[in-house]
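Everything on this sheet refers to the single structure shown next.
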Amino acid sequence: MRGLKAIFGLLAAAAALAGPAQAAPWTVKREQAAAEARFLASDALQGRGSATRDEAIAAAYVAAQFEGFGLTPAPGQAGFFQTAKVIKPRLQGEAKVRIDGVDVAGAQLLIGPMGDVGGKAVVFAADDVMTMPAAEVVISTSKASPLTVGQTAMSKQVKLLILKESFLTKGLYAAQGGTDMASYLEGTPQGVRTAVATLPAEAFERLAAHPGASVDLKLPPMTRETAITTNAIGYLKGRDPKAGTLVVSAHLDHLGVRPNGTIMHGANDDASGMVAVIELARAFTAGKPPKRSILFIGYGSEEIGKYGSTWFAAHPSVPLAEIVAAIEFEMVGQQDPKLPKGALFVTGSERSTLMGALKAHGAPVAPDSDPAQHYFERSDNWPLAQAGVVAHTLAGWTTTPTYHQASDTFESLDLTFLTGAIQSMVSPLRWLADSDFRPAWIAGGRPPP
Ligand SMILES: [Zn+2]
């Protein structure tokens, strides 16, 4: 029989263990993260093409995890899924580019418009893309990257952007089969869609030397296929209904299968982010509920236009005014060697007080290293940000060599970094979920609606 003193000692120790609310430290398990990434990036899921059955299977998998952890459907939703219709037009032939009414041989359409477009050509040659004129048709000879030029043309509502054919554009054309038109989300305003076409070098130089020519794009007949995109949404009800709700998200989809049969596995983009959301849901459901509610979301159709997040922002599970902050995890399976070890960068970090607050509570976050790339506008945080919610994306490395390449496979993931990145956000997010702190836009940081 043990002495009374020892028994009292044990009781005191037990009371200390059960006692006031120091939340137990949580450990993100590498083998769990690996298993989830391996499944999402598997051949079986065929690259999780946007608004495909494969995306729906990824959504079902994520929802099953959420349900297993004890998350519930979001308020006002019958289940764990939110779906929307995506219309995918397909060209039944080649698009033609005409200069002063004459067809240009070898023109290739990279991104299609909603219909025929045309106008007087304006040549844009500057390196600073922000000086691009908001003309109907822009011929770009700028040395800026085609991606940046394209983004800018879109933001300037240029209707037709003409680029010189290059190795890069030919690869893109081949990858898309030349028939892939701009898809759109049914029931949302479509705005202006910038069509992008290339001309062979000789025709391009001739046109660039004769600004003011009339250029138009003529589309062949097309079919319209209706597809369904799926968001998986799980809800953790907080202790205080007035404290607001956090959104923790990633995107389910990637690029699917190329016309030549190559599976685009998208392990980093964005199976890694989805793993972060699943593992954070696991962590947050393990202890007592936080003060704030949390919506854990896997969005569909990010890759073809952020349709899942656009739909969610238009049909939110809780009123937008109740969403305190939204954090998207994108490409957290590899780290930019230029960042401090273990750090994640915050897109649009200078726009709000969120990064500073997370950093003050232990998050190894770093400022947006390349604002000129407009990453803030290029992920699922954007539709919510446009709707006024403080919404950012956390990323490990966006210009990784595997970005939108077939090499973005499970084997290319840095599981140590991925596991560490998720782990590093558990306690800062727990702080945010338990606090009264409300992140706000810094003057001029809120995007125009
Ligand atoms: Zn992505």
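Every chain in the structure tokens has a letter given in the order shown (A, B, ...), and although residue numbers restart at 1 in each chain, ligands are simply numbered from 1 in the order shown.
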
With the cut-off set at 7 Å and counting only C-alpha atoms and all ligand atoms, tabulate each residue of chain A with an atom at most that distance from an atom of ligand 1, showing the nearest atom pair and its distance in Å to one decimal, ordered by chain and increasing number, as a tab-separated table.
residue	atom	partner	partner_atom_place_in_ligand_line	distance
A:His251	CA	ligand 1	1 (Zn)	6.6
A:Asp269	CA	ligand 1	1 (Zn)	4.5
A:Asp270	CA	ligand 1	1 (Zn)	5.0
A:Glu302	CA	ligand 1	1 (Zn)	6.9
A:Glu303	CA	ligand 1	1 (Zn)	6.6
A:Glu330	CA	ligand 1	1 (Zn)	5.5
A:Met331	CA	ligand 1	1 (Zn)	6.4
A:Ser379	CA	ligand 1	1 (Zn)	6.7

I'd like the neighbourhood of stretch 200-206 of chain A as a list in words, where a residue qualifies if any of its atoms comes within 6 Å (using only C-alpha atoms), though same-chain residues fewer than 2 positions away should be ignored. Lys164, Glu165, Ala208 and Ala209 of chain A

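Among A:Ala34, A:Val324, A:Ala84, A:Ala64, the residue with the shortest atom-to-atom distance to A:Leu354, counting only C-alpha atoms, is A:Val324.
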
Among stretch 15-156 of chain A, which ones does DSSP assign to alpha helix (DSSP H) (computed from the backbone)? Answer as a PyMOL selection string. chain A and resi 15-18+30-40+53-69+146-155

At a cut-off of 9 Å, using only C-alpha atoms, what residues contact A:Val158? Leave out same-chain residues fewer than 2 positions from it and give the result as a count of residues only. 17

Restricting the calculation to only C-alpha atoms, which member of A:Pro319, A:Gly308, A:Pro337, A:Gly150 is positioned closest to A:Trp382?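 Going through A:Pro319, A:Gly308, A:Pro337, A:Gly150 one by one, the smallest distance to A:Trp382 is for A:Gly308.
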
What separation in Å, quoted to one decimal, exists between atom CA of A:Ala433 and atom CA of A:Gly362? 14.3 Å
